[in-house]
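Student: The following file, query_32.txt, comprises compact mmCIF, C-alpha atoms:
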```
# COMPACT_ATOMS: atom_id res chain seq x y z
CA MET A 10 13.12 33.78 -11.62
CA ALA A 11 10.38 32.11 -13.64
CA ALA A 12 6.85 33.35 -13.03
CA PRO A 13 4.40 31.08 -11.18
CA GLY A 14 2.85 28.61 -13.60
CA TRP A 15 5.71 28.95 -16.09
CA LEU A 16 6.28 25.96 -18.36
CA PRO A 17 9.28 25.24 -20.58
CA PRO A 18 8.80 26.25 -24.24
CA ARG A 19 7.11 23.54 -26.32
CA ALA A 20 6.62 21.38 -23.23
CA ARG A 21 3.23 19.87 -22.54
CA ALA A 22 1.91 19.93 -18.96
CA VAL A 23 0.95 16.36 -18.29
CA VAL A 24 -0.02 16.10 -14.64
CA ARG A 25 0.08 17.99 -11.38
CA VAL A 26 0.83 16.04 -8.23
CA VAL A 27 1.03 16.36 -4.46
CA ASP A 28 3.77 14.37 -2.75
CA MET A 29 3.48 12.95 0.76
CA HIS A 30 5.07 10.23 2.83
CA THR A 31 3.76 7.93 5.53
CA GLY A 32 6.40 6.47 7.78
CA GLY A 33 8.97 7.22 5.07
CA GLU A 34 7.10 5.47 2.26
CA PRO A 35 6.42 7.95 -0.56
CA LEU A 36 3.04 8.69 -2.08
CA ARG A 37 2.59 10.74 -5.23
CA ILE A 38 -1.04 11.83 -5.43
CA VAL A 39 -2.69 12.69 -8.74
CA PRO A 40 -5.79 14.65 -7.65
CA GLY A 41 -7.63 14.27 -10.94
CA GLY A 42 -7.61 14.67 -14.67
CA LEU A 43 -6.71 11.07 -15.46
CA GLU A 44 -10.16 9.51 -15.38
CA PRO A 45 -9.80 6.59 -17.80
CA GLY A 46 -12.87 7.51 -19.87
CA PRO A 47 -15.03 4.55 -20.99
CA ALA A 48 -13.39 2.21 -18.52
CA GLY A 49 -16.45 0.52 -17.08
CA PRO A 50 -18.62 1.19 -14.05
CA THR A 51 -16.44 -0.25 -11.27
CA LEU A 52 -13.14 0.65 -9.67
CA LEU A 53 -11.67 -2.71 -10.63
CA ALA A 54 -12.68 -2.01 -14.24
CA ARG A 55 -10.89 1.34 -14.05
CA ARG A 56 -7.84 -0.45 -12.66
CA ARG A 57 -7.86 -2.89 -15.58
CA HIS A 58 -8.37 -0.09 -18.08
CA MET A 59 -5.53 2.02 -16.71
CA GLY A 60 -3.19 -0.96 -16.91
CA ALA A 61 -4.19 -1.66 -20.50
CA GLU A 62 -4.55 1.86 -21.91
CA LEU A 63 -2.76 4.32 -19.61
CA ASP A 64 0.21 2.40 -18.31
CA HIS A 65 2.54 5.02 -19.79
CA VAL A 66 1.13 7.43 -17.18
CA ARG A 67 2.11 5.04 -14.39
CA ARG A 68 5.62 4.81 -15.80
CA LEU A 69 5.83 8.59 -16.12
CA LEU A 70 4.80 9.07 -12.49
CA VAL A 71 6.83 6.42 -10.68
CA HIS A 72 9.85 5.57 -12.85
CA GLU A 73 13.00 7.61 -13.32
CA PRO A 74 13.69 10.43 -14.02
CA ARG A 75 10.62 11.75 -12.15
CA GLY A 76 10.52 8.93 -9.62
CA HIS A 77 12.61 5.91 -8.65
CA ARG A 78 12.23 2.13 -8.55
CA ASP A 79 10.62 2.23 -5.08
CA MET A 80 8.20 5.08 -5.88
CA TYR A 81 4.48 4.76 -5.20
CA ALA A 82 1.49 6.78 -6.44
CA ALA A 83 -2.27 7.08 -6.17
CA VAL A 84 -4.60 8.37 -8.88
CA LEU A 85 -7.90 9.69 -7.55
CA VAL A 86 -10.96 8.63 -9.54
CA PRO A 87 -14.73 8.65 -8.99
CA SER A 88 -16.24 5.80 -7.01
CA GLU A 89 -19.44 3.97 -7.78
CA LEU A 90 -20.09 3.63 -4.03
CA PRO A 91 -22.45 6.34 -2.71
CA ALA A 92 -20.77 6.28 0.71
CA ALA A 93 -17.26 6.90 -0.64
CA GLN A 94 -15.86 10.42 -0.91
CA LEU A 95 -13.24 9.29 -3.43
CA GLY A 96 -11.82 6.29 -5.25
CA ALA A 97 -8.11 5.53 -5.59
CA LEU A 98 -5.99 3.49 -7.96
CA PHE A 99 -2.63 2.49 -6.50
CA LEU A 100 0.46 2.48 -8.73
CA HIS A 101 3.92 1.02 -8.12
CA GLY A 102 7.00 0.21 -10.17
CA GLN A 103 5.59 -3.03 -11.56
CA GLY A 104 1.89 -2.29 -11.88
CA TYR A 105 -1.21 -1.78 -9.76
CA SER A 106 -2.07 -2.96 -6.25
CA THR A 107 -5.43 -3.62 -4.65
CA MET A 108 -4.80 -1.96 -1.28
CA CYS A 109 -2.27 0.41 0.21
CA GLY A 110 -2.47 1.33 3.88
CA HIS A 111 0.20 4.01 3.87
CA ALA A 112 -1.61 5.65 0.95
CA VAL A 113 -4.96 5.54 2.75
CA LEU A 114 -3.44 7.32 5.76
CA ALA A 115 -2.02 10.05 3.52
CA LEU A 116 -5.13 10.32 1.33
CA GLY A 117 -7.26 10.84 4.42
CA ARG A 118 -5.32 14.03 5.15
CA PHE A 119 -5.34 15.13 1.53
CA ALA A 120 -9.09 14.61 1.24
CA LEU A 121 -9.73 17.11 4.05
CA ASP A 122 -7.07 19.67 3.15
CA GLY A 123 -7.92 19.46 -0.55
CA GLY A 124 -11.61 20.12 -0.01
CA LEU A 125 -12.80 16.70 -1.14
CA VAL A 126 -14.92 16.35 2.01
CA PRO A 127 -17.45 19.15 2.51
CA ALA A 128 -17.68 20.57 6.04
CA PRO A 129 -15.20 18.37 7.95
CA SER A 130 -16.10 17.93 11.60
CA ARG A 131 -13.93 18.46 14.66
CA PRO A 132 -12.03 16.83 16.26
CA GLU A 133 -12.04 13.99 13.72
CA THR A 134 -13.63 13.36 10.32
CA ALA A 135 -14.35 9.99 8.75
CA VAL A 136 -13.31 9.68 5.09
CA THR A 137 -14.40 6.62 3.11
CA ILE A 138 -11.89 5.79 0.38
CA HIS A 139 -12.91 3.24 -2.23
CA CYS A 140 -9.87 1.04 -2.84
CA PRO A 141 -9.79 -1.78 -5.41
CA CYS A 142 -10.19 -4.26 -2.52
CA GLY A 143 -13.24 -2.41 -1.19
CA PRO A 144 -14.17 0.62 0.93
CA VAL A 145 -11.75 1.63 3.69
CA THR A 146 -12.57 4.35 6.21
CA ALA A 147 -9.88 6.75 7.41
CA PHE A 148 -10.33 8.82 10.55
CA VAL A 149 -8.52 12.13 10.25
CA PRO A 150 -7.90 14.79 12.93
CA TRP A 151 -9.33 18.19 11.95
CA ASP A 152 -8.87 21.45 13.90
CA GLY A 153 -11.12 23.55 11.72
CA GLN A 154 -8.37 24.66 9.34
CA ARG A 155 -6.03 21.78 8.63
CA SER A 156 -5.71 18.06 9.13
CA GLY A 157 -3.51 16.40 11.73
CA SER A 158 -0.70 14.05 10.84
CA ARG A 159 -1.76 11.01 12.87
CA VAL A 160 -4.46 9.15 10.96
CA ARG A 161 -6.08 5.77 11.46
CA PHE A 162 -8.14 3.56 9.19
CA HIS A 163 -10.48 0.57 9.45
CA SER A 164 -9.68 -2.15 6.95
CA VAL A 165 -11.73 -4.40 4.74
CA PRO A 166 -12.32 -7.81 6.39
CA ALA A 167 -8.87 -9.35 6.84
CA PHE A 168 -8.23 -13.06 7.24
CA ALA A 169 -5.71 -15.86 7.53
CA ALA A 170 -5.62 -17.49 4.10
CA ALA A 171 -3.34 -20.31 5.25
CA ALA A 172 -1.15 -21.08 8.25
CA ASP A 173 2.02 -23.17 8.43
CA VAL A 174 2.36 -23.78 4.70
CA THR A 175 5.59 -25.52 3.65
CA VAL A 176 7.18 -24.23 0.45
CA ASP A 177 10.44 -25.17 -1.21
CA VAL A 178 12.53 -22.00 -1.62
CA PRO A 179 15.60 -22.27 -3.86
CA GLY A 180 18.73 -21.66 -1.81
CA HIS A 181 16.88 -22.07 1.48
CA GLY A 182 15.16 -25.45 1.26
CA LYS A 183 11.78 -26.14 2.81
CA VAL A 184 10.41 -23.12 4.66
CA VAL A 185 7.16 -22.69 6.61
CA VAL A 186 5.13 -19.55 5.92
CA ASP A 187 1.77 -18.06 6.83
CA ILE A 188 -0.36 -16.29 4.24
CA GLY A 189 -2.62 -13.43 5.28
CA TYR A 190 -4.97 -11.02 3.53
CA GLY A 191 -5.32 -7.38 4.50
CA GLY A 192 -6.62 -5.96 1.23
CA ALA A 193 -3.71 -7.70 -0.47
CA PHE A 194 -2.15 -11.11 0.13
CA TYR A 195 1.26 -11.50 1.77
CA ALA A 196 3.46 -14.39 2.86
CA PHE A 197 4.87 -14.01 6.37
CA LEU A 198 7.80 -15.68 8.08
CA SER A 199 10.57 -14.90 10.51
CA ALA A 200 13.77 -13.76 8.79
CA GLU A 201 15.57 -16.17 11.12
CA ARG A 202 14.11 -19.10 9.13
CA LEU A 203 16.15 -17.83 6.19
CA GLY A 204 19.31 -17.35 8.23
CA LEU A 205 18.82 -13.58 8.47
CA ASP A 206 18.06 -10.93 11.07
CA VAL A 207 15.38 -8.44 10.07
CA CYS A 208 17.00 -5.77 12.25
CA SER A 209 20.66 -6.16 11.29
CA SER A 210 21.03 -8.04 7.99
CA LYS A 211 21.81 -6.08 4.84
CA THR A 212 18.69 -4.81 3.12
CA GLN A 213 19.69 -6.43 -0.19
CA ASP A 214 20.01 -9.82 1.51
CA LEU A 215 16.54 -9.42 3.01
CA VAL A 216 15.13 -8.34 -0.37
CA ASP A 217 16.68 -11.28 -2.19
CA ALA A 218 15.40 -13.79 0.36
CA ALA A 219 11.90 -12.31 0.52
CA SER A 220 11.69 -12.23 -3.28
CA ALA A 221 12.67 -15.89 -3.44
CA VAL A 222 9.89 -16.73 -0.98
CA THR A 223 7.36 -14.74 -3.00
CA GLU A 224 8.20 -16.59 -6.20
CA ALA A 225 8.13 -19.97 -4.43
CA VAL A 226 4.69 -19.31 -2.91
CA LYS A 227 3.34 -18.11 -6.27
CA ARG A 228 4.45 -21.39 -7.88
CA GLN A 229 3.37 -23.74 -5.11
CA PHE A 230 0.24 -22.26 -3.50
CA LYS A 231 -2.99 -21.20 -5.19
CA LEU A 232 -4.70 -18.20 -3.66
CA HIS A 233 -8.44 -17.63 -3.59
CA HIS A 234 -10.50 -14.59 -2.67
CA PRO A 235 -14.22 -15.18 -2.11
CA ASP A 236 -15.32 -11.78 -3.47
CA ASN A 237 -13.30 -11.48 -6.66
CA GLU A 238 -10.54 -13.62 -8.14
CA GLU A 239 -8.93 -10.43 -9.44
CA LEU A 240 -7.81 -9.91 -5.83
CA ALA A 241 -6.27 -13.39 -5.57
CA PHE A 242 -2.58 -12.77 -6.14
CA LEU A 243 0.43 -12.66 -3.83
CA TYR A 244 1.60 -9.06 -3.51
CA GLY A 245 4.79 -9.76 -1.58
CA THR A 246 6.56 -11.28 1.41
CA ILE A 247 6.99 -9.74 4.85
CA LEU A 248 9.96 -10.87 6.92
CA THR A 249 9.52 -10.42 10.66
CA ASP A 250 11.45 -10.70 13.90
CA GLY A 251 9.22 -13.65 14.86
CA LYS A 252 7.58 -11.81 17.75
CA ASP A 253 3.97 -12.69 16.98
CA ALA A 254 2.68 -13.22 20.54
CA PHE A 255 1.09 -10.14 22.10
CA SER A 256 3.52 -7.73 23.68
CA ASP A 257 3.67 -4.02 24.45
CA GLU A 258 7.08 -3.96 22.77
CA PRO A 259 7.28 -3.15 19.05
CA THR A 260 7.71 -5.97 16.57
CA THR A 261 9.87 -5.29 13.50
CA ASN A 262 9.28 -6.29 9.89
CA ILE A 263 10.24 -5.47 6.32
CA CYS A 264 7.88 -5.74 3.38
CA VAL A 265 9.21 -6.61 -0.08
CA PHE A 266 6.43 -6.27 -2.65
CA ALA A 267 5.79 -6.19 -6.40
CA ASP A 268 9.12 -6.33 -8.25
CA ALA A 269 11.38 -6.34 -5.16
CA GLN A 270 10.23 -2.91 -3.95
CA VAL A 271 10.98 -2.16 -0.31
CA ASP A 272 8.32 -0.48 1.79
CA ARG A 273 9.90 2.19 3.99
CA SER A 274 6.93 2.09 6.36
CA PRO A 275 5.74 -0.87 8.45
CA THR A 276 3.17 -1.50 5.63
CA GLY A 277 -0.47 -0.73 6.42
CA SER A 278 -2.04 -3.64 4.55
CA GLY A 279 0.75 -5.89 5.87
CA VAL A 280 0.01 -4.85 9.46
CA THR A 281 -3.64 -5.59 8.72
CA ALA A 282 -2.86 -9.09 7.44
CA ARG A 283 -0.41 -9.80 10.26
CA ILE A 284 -2.97 -8.82 12.90
CA ALA A 285 -5.51 -11.10 11.19
CA LEU A 286 -3.04 -14.00 11.35
CA GLN A 287 -2.22 -13.34 15.01
CA TYR A 288 -5.92 -13.20 15.86
CA HIS A 289 -6.55 -16.42 13.91
CA LYS A 290 -3.80 -18.16 15.93
CA GLY A 291 -5.16 -16.92 19.26
CA LEU A 292 -2.08 -14.78 19.92
CA ILE A 293 -4.02 -11.54 20.39
CA GLN A 294 -7.54 -10.54 21.39
CA LEU A 295 -9.85 -7.86 20.12
CA ASN A 296 -8.66 -4.30 20.88
CA GLN A 297 -5.17 -5.35 21.95
CA THR A 298 -2.91 -2.79 20.28
CA ARG A 299 0.41 -3.85 18.83
CA THR A 300 3.18 -1.59 17.57
CA PHE A 301 4.98 -2.41 14.32
CA ARG A 302 8.38 -1.01 13.39
CA SER A 303 9.87 -0.70 9.91
CA SER A 304 13.33 -2.24 9.79
CA SER A 305 14.36 0.21 7.06
CA THR A 306 13.41 3.55 8.67
CA GLY A 307 12.37 2.75 12.24
CA SER A 308 8.96 4.34 11.64
CA LEU A 309 6.02 2.99 13.63
CA PHE A 310 2.42 1.96 12.93
CA THR A 311 -0.03 0.53 15.43
CA GLY A 312 -2.62 -2.12 14.70
CA LYS A 313 -5.46 -3.88 16.47
CA ALA A 314 -8.41 -6.09 15.58
CA VAL A 315 -11.52 -4.07 16.40
CA LYS A 316 -14.30 -6.50 15.47
CA GLU A 317 -14.94 -9.91 13.97
CA ALA A 318 -16.28 -10.20 10.43
CA LYS A 319 -16.70 -12.65 7.57
CA CYS A 320 -15.24 -12.72 4.08
CA GLY A 321 -17.00 -15.50 2.25
CA ASP A 322 -16.36 -18.61 4.35
CA TYR A 323 -13.31 -17.07 6.03
CA ASN A 324 -13.52 -15.91 9.63
CA ALA A 325 -12.15 -12.38 9.41
CA VAL A 326 -11.49 -9.26 11.45
CA VAL A 327 -11.66 -5.56 10.77
CA VAL A 328 -8.29 -4.08 11.70
CA GLU A 329 -7.51 -0.53 12.78
CA VAL A 330 -4.12 0.74 11.65
CA SER A 331 -2.66 4.12 12.58
CA GLY A 332 0.41 6.05 11.49
CA GLU A 333 1.64 9.52 10.59
CA ALA A 334 1.50 11.08 7.11
CA PHE A 335 3.21 14.29 6.02
CA TYR A 336 3.31 16.55 2.97
CA THR A 337 6.62 16.86 1.15
CA GLY A 338 5.90 18.91 -1.98
CA THR A 339 3.98 19.61 -5.14
CA ALA A 340 5.05 19.38 -8.77
CA THR A 341 3.93 19.83 -12.35
CA PHE A 342 5.36 17.18 -14.65
CA VAL A 343 5.84 18.03 -18.32
CA VAL A 344 6.66 16.13 -21.46
CA GLU A 345 8.62 17.20 -24.53
CA GLU A 346 7.41 15.02 -27.35
CA GLU A 347 10.89 14.52 -28.82
CA ASP A 348 12.20 13.13 -25.51
CA PRO A 349 12.85 9.40 -26.11
CA LEU A 350 12.57 8.77 -22.35
CA LYS A 351 9.48 10.91 -21.78
CA TYR A 352 7.54 8.07 -20.16
CA GLY A 353 10.37 7.03 -17.88
CA PHE A 354 12.67 4.09 -17.43
CA SER A 355 13.57 1.67 -14.65
CA LEU A 356 16.99 0.43 -13.58
CA LYS A 357 17.64 -2.59 -11.38
```
Show the structure stored in the file as structure tokens.

Tutor:
Amino acid sequence: MAAPGWLPPRARAVVRVVDMHTGGEPLRIVPGGLEPGPAGPTLLARRRHMGAELDHVRRLLVHEPRGHRDMYAAVLVPSELPAAQLGALFLHGQGYSTMCGHAVLALGRFALDGGLVPAPSRPETAVTIHCPCGPVTAFVPWDGQRSGSRVRFHSVPAFAAAADVTVDVPGHGKVVVDIGYGGAFYAFLSAERLGLDVCSSKTQDLVDAASAVTEAVKRQFKLHHPDNEELAFLYGTILTDGKDAFSDEPTTNICVFADAQVDRSPTGSGVTARIALQYHKGLIQLNQTRTFRSSSTGSLFTGKAVKEAKCGDYNAVVVEVSGEAFYTGTATFVVEEEDPLKYGFSLK
């Protein structure tokens, strides 16, 4: 048996990671060591710099053979915000996102267990995580020795960007969608409008239809974010069961984001945006809790609008999302320089 810390001969240790999942959606955490150097003073500048100068690291982390086409990762970096305990850059198969709710829930646990928050308090500790979209506060159970699995967070101001927008989707004709922002922008519609059932249709059929909607919205609707136009892009489409009116029963959805990646969880930023849309339409009130189910794994998040806010001229809400995050492993990834696939590859 190899000794602890053993590395293959001539291999270069590149990065150590902690793996977690939230509601089935993976998160590969890079605790440090990848600070992009002279990247600029802001988190968005670091995001730009990593995409331009360190994208091979993203590919190494999330693509095969170390990951897979639906892998997700977070690189921890310093934050320029005094109130934030850490900053995070979010990585997926296609690039870099501005918000990730399932990652925030997992990072809240990791921040306490990894000693990033001095003197956590019982029974719950607040952890402010600086995301590219802005600061998000996670509330993490703490028993004095370890974190608890059920975490909640309060979002950046979330809003309805547009309601009842008609887009022409190839293969489906004219389709009406809503567009909501929960740290990232999503298009929302019932799968039934595309002739599908979010609970029983084949996943590939749902992915193909959602991807077609995403591309149609990108071509036909211009997004705007009042704080920074770098945030103004459509991240994906969320197909739902159409149950938007308040109910104690769970409502089911599937999120297809980036380059046709499928979120295994109910999608934290998607829940945030969907709650904002429901509040905008008068379908829910403040502090009415809804339960959201992932159609792919059956995992559950809850969400509720906890207070009204503003984002530029948009009437917005701060949304509380909760879910369970768990550790799954640790790893040290190495590179052999002669390996032609050392920075990974992606198959569709």

Student: For segment 74-76 of chain A, list every protein, DNA or RNA residue within 8 Å, evaluated using only C-alpha atoms, and leave out those in the same chain fewer than 5 positions away; present the list as a compact mmCIF listing (two decimals) with C-alpha atoms, in the coordinates of the input.

Tutor:
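Final file, around27.txt:
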```txt
# COMPACT_ATOMS: atom_id res chain seq x y z
CA LEU A 69 5.83 8.59 -16.12
CA PHE A 342 5.36 17.18 -14.65
CA GLY A 353 10.37 7.03 -17.88
CA PHE A 354 12.67 4.09 -17.43
```

Student: Nearest residue to Ala285 of chain A out of A:Val165, A:Val136, A:Val149, A:Leu85, using all atoms listed in the file?

Tutor: A:Val165

Student: Within 12 Å of (-5.8, -5.0, 24.9) in the file's own coordinates, which protein, DNA or RNA residues have an atom, counting only C-alpha atoms? List them as a list in words.

Tutor: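 Protein and nucleic acid residues near the point are Phe255, Ser256, Asp257, Leu292, Ile293, Gln294, Leu295, Asn296, Gln297, Thr298, Arg299, Gly312, Lys313, Ala314 and Val315 of chain A.
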
Student: Select from segment 108-219 of chain A every residue with an atom at most 10 Å from any atom of segment 225-228 of chain A, then for each give the shortest pair of atoms and their distance in Å to one decimal, using only C-alpha atoms, rows by chain and rising number, as a Markdown table.

Tutor:
```
| residue | atom | partner | partner_atom | distance |
| --- | --- | --- | --- | --- |
| A:Val174 | CA | A:Val226 | CA | 9.1 |
| A:Thr175 | CA | A:Val226 | CA | 9.1 |
| A:Val176 | CA | A:Val226 | CA | 6.5 |
| A:Asp177 | CA | A:Ala225 | CA | 6.5 |
| A:Val178 | CA | A:Ala225 | CA | 5.6 |
| A:Pro179 | CA | A:Ala225 | CA | 7.8 |
| A:Val184 | CA | A:Ala225 | CA | 9.9 |
| A:Val186 | CA | A:Val226 | CA | 8.8 |
| A:Ile188 | CA | A:Val226 | CA | 9.3 |
| A:Tyr195 | CA | A:Val226 | CA | 9.7 |
| A:Ala196 | CA | A:Val226 | CA | 7.7 |
| A:Ala219 | CA | A:Ala225 | CA | 9.9 |
```

Student: Suppose you want the space between atom CA of Pro129 of chain A and atom CA of Val24 of chain A; what is it in Å?

Tutor: 27.3 Å

Student: Any idea what the distance is between atom CA of Pro17 of chain A and atom CA of Pro40 of chain A?

Tutor: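 Atom-to-atom, atom CA of Pro17 of chain A to atom CA of Pro40 of chain A, that is 22.5 Å.
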
Student: In Å, rounded to a single decimal, give me how far atom CA of His111 of chain A is from atom CA of Thr134 of chain A.

Tutor: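 Calculated distance between atom CA of Thr134 of chain A and atom CA of His111 of chain A is 17.9 Å.
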
Student: Which residues are near Leu198 of chain A? Cut-off 7 Å, all atoms listed in the file, ignore same chain within fewer than 4 positions. Put them as a PDB file with C-alpha atoms, in the frame of the given file.

Tutor:
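Dumped to part24.pdb:
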```pdb
ATOM      1  CA  VAL A 186       5.130 -19.550   5.920  1.00  0.00           C
ATOM      2  CA  ASP A 187       1.770 -18.060   6.830  1.00  0.00           C
ATOM      3  CA  ILE A 247       6.990  -9.740   4.850  1.00  0.00           C
ATOM      4  CA  LEU A 248       9.960 -10.870   6.920  1.00  0.00           C
ATOM      5  CA  THR A 249       9.520 -10.420  10.660  1.00  0.00           C
TER       6      THR A 249
END
```

Student: Considering all atoms listed in the file, can you say which of A:Arg56, A:Arg37, A:Lys290, A:Arg78 comes closest to Val271 of chain A?

Tutor: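 Looking at the shortest contact to Val271 of chain A, the residue is A:Arg78.
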
Student: Pick the closest to Leu356 of chain A from A:Leu232, A:Phe197, A:Asp79, A:Glu329: which is it, counting all atoms listed in the file?

Tutor: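 Checking each candidate against Leu356 of chain A, we get A:Asp79 as the closest.
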
Student: Could you give me, as a tab-separated table (two decimals) with C-alpha atoms, in the coordinates of the input, the residues within 9 Å of Asp152 of chain A, counting only C-alpha atoms and dropping anything in the same chain fewer than 4 positions from it?

Tutor:
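In the end it all went to selection32.tsv:
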```tsv
chain	number	residue	atom	x	y	z
A	130	SER	CA	-16.10	17.93	11.60
A	131	ARG	CA	-13.93	18.46	14.66
A	132	PRO	CA	-12.03	16.83	16.26
A	133	GLU	CA	-12.04	13.99	13.72
A	156	SER	CA	-5.71	18.06	9.13
A	157	GLY	CA	-3.51	16.40	11.73
```

Student: For each of A:Arg273, A:Arg283, A:Arg55, A:His139, take the minimum atom-to-atom distance to Ala93 of chain A, counting all atoms listed in the file, then give the residue where this is smallest.

Tutor: A:His139

Student: Draw an axis-aligned box over all listed atoms of segment 166-179 of chain A, pad each side with 3 Å, and write its centre and edge lengths in Å, one decimal, as JSON.

Tutor:
```
{"center_x": 1.6, "center_y": -16.7, "center_z": 2.3, "size_x": 33.9, "size_y": 23.7, "size_z": 18.3}
```

Student: How about completing segment 242-260 of chain A with N, CA and C atoms and giving it to me as a PDB file, in the frame of the given file?

Tutor:
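To be explicit, this is the file written out as out_13.pdb:
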```pdb
ATOM      1  N   PHE A 242      -3.976 -12.641  -5.747  1.00  0.00           N
ATOM      2  CA  PHE A 242      -2.580 -12.770  -6.140  1.00  0.00           C
ATOM      3  C   PHE A 242      -1.691 -12.367  -4.965  1.00  0.00           C
ATOM      4  N   LEU A 243      -0.499 -12.953  -4.916  1.00  0.00           N
ATOM      5  CA  LEU A 243       0.430 -12.660  -3.830  1.00  0.00           C
ATOM      6  C   LEU A 243       1.173 -11.370  -4.155  1.00  0.00           C
ATOM      7  N   TYR A 244       1.012 -10.371  -3.288  1.00  0.00           N
ATOM      8  CA  TYR A 244       1.600  -9.060  -3.510  1.00  0.00           C
ATOM      9  C   TYR A 244       3.060  -9.002  -3.075  1.00  0.00           C
ATOM     10  N   GLY A 245       3.417  -9.795  -2.051  1.00  0.00           N
ATOM     11  CA  GLY A 245       4.790  -9.760  -1.580  1.00  0.00           C
ATOM     12  C   GLY A 245       4.994 -10.633  -0.362  1.00  0.00           C
ATOM     13  N   THR A 246       6.188 -10.529   0.209  1.00  0.00           N
ATOM     14  CA  THR A 246       6.560 -11.280   1.410  1.00  0.00           C
ATOM     15  C   THR A 246       7.024 -10.306   2.482  1.00  0.00           C
ATOM     16  N   ILE A 247       6.598 -10.553   3.702  1.00  0.00           N
ATOM     17  CA  ILE A 247       6.990  -9.740   4.850  1.00  0.00           C
ATOM     18  C   ILE A 247       7.810 -10.594   5.794  1.00  0.00           C
ATOM     19  N   LEU A 248       9.066 -10.201   5.975  1.00  0.00           N
ATOM     20  CA  LEU A 248       9.960 -10.870   6.920  1.00  0.00           C
ATOM     21  C   LEU A 248       9.848 -10.172   8.268  1.00  0.00           C
ATOM     22  N   THR A 249       9.750 -10.960   9.327  1.00  0.00           N
ATOM     23  CA  THR A 249       9.520 -10.420  10.660  1.00  0.00           C
ATOM     24  C   THR A 249      10.626 -10.837  11.622  1.00  0.00           C
ATOM     25  N   ASP A 250      10.534 -10.289  12.834  1.00  0.00           N
ATOM     26  CA  ASP A 250      11.450 -10.700  13.900  1.00  0.00           C
ATOM     27  C   ASP A 250      10.928 -11.913  14.661  1.00  0.00           C
ATOM     28  N   GLY A 251       9.782 -12.458  14.231  1.00  0.00           N
ATOM     29  CA  GLY A 251       9.220 -13.650  14.860  1.00  0.00           C
ATOM     30  C   GLY A 251       8.415 -13.392  16.111  1.00  0.00           C
ATOM     31  N   LYS A 252       8.274 -12.138  16.504  1.00  0.00           N
ATOM     32  CA  LYS A 252       7.580 -11.810  17.750  1.00  0.00           C
ATOM     33  C   LYS A 252       6.086 -11.620  17.470  1.00  0.00           C
ATOM     34  N   ASP A 253       5.390 -12.741  17.327  1.00  0.00           N
ATOM     35  CA  ASP A 253       3.970 -12.690  16.980  1.00  0.00           C
ATOM     36  C   ASP A 253       3.050 -12.710  18.191  1.00  0.00           C
ATOM     37  N   ALA A 254       3.514 -13.216  19.328  1.00  0.00           N
ATOM     38  CA  ALA A 254       2.680 -13.220  20.540  1.00  0.00           C
ATOM     39  C   ALA A 254       2.511 -11.787  21.035  1.00  0.00           C
ATOM     40  N   PHE A 255       1.367 -11.510  21.655  1.00  0.00           N
ATOM     41  CA  PHE A 255       1.090 -10.140  22.100  1.00  0.00           C
ATOM     42  C   PHE A 255       2.165  -9.644  23.055  1.00  0.00           C
ATOM     43  N   SER A 256       2.545  -8.403  22.824  1.00  0.00           N
ATOM     44  CA  SER A 256       3.520  -7.730  23.680  1.00  0.00           C
ATOM     45  C   SER A 256       3.331  -6.240  23.511  1.00  0.00           C
ATOM     46  N   ASP A 257       3.687  -5.475  24.549  1.00  0.00           N
ATOM     47  CA  ASP A 257       3.670  -4.020  24.450  1.00  0.00           C
ATOM     48  C   ASP A 257       4.886  -3.506  23.682  1.00  0.00           C
ATOM     49  N   GLU A 258       5.885  -4.359  23.501  1.00  0.00           N
ATOM     50  CA  GLU A 258       7.080  -3.960  22.770  1.00  0.00           C
ATOM     51  C   GLU A 258       6.831  -4.011  21.263  1.00  0.00           C
ATOM     52  N   PRO A 259       7.468  -3.121  20.508  1.00  0.00           N
ATOM     53  CA  PRO A 259       7.280  -3.150  19.050  1.00  0.00           C
ATOM     54  C   PRO A 259       7.822  -4.436  18.438  1.00  0.00           C
ATOM     55  N   THR A 260       7.202  -4.867  17.361  1.00  0.00           N
ATOM     56  CA  THR A 260       7.710  -5.970  16.570  1.00  0.00           C
ATOM     57  C   THR A 260       8.135  -5.407  15.210  1.00  0.00           C
TER      58      THR A 260
END
```
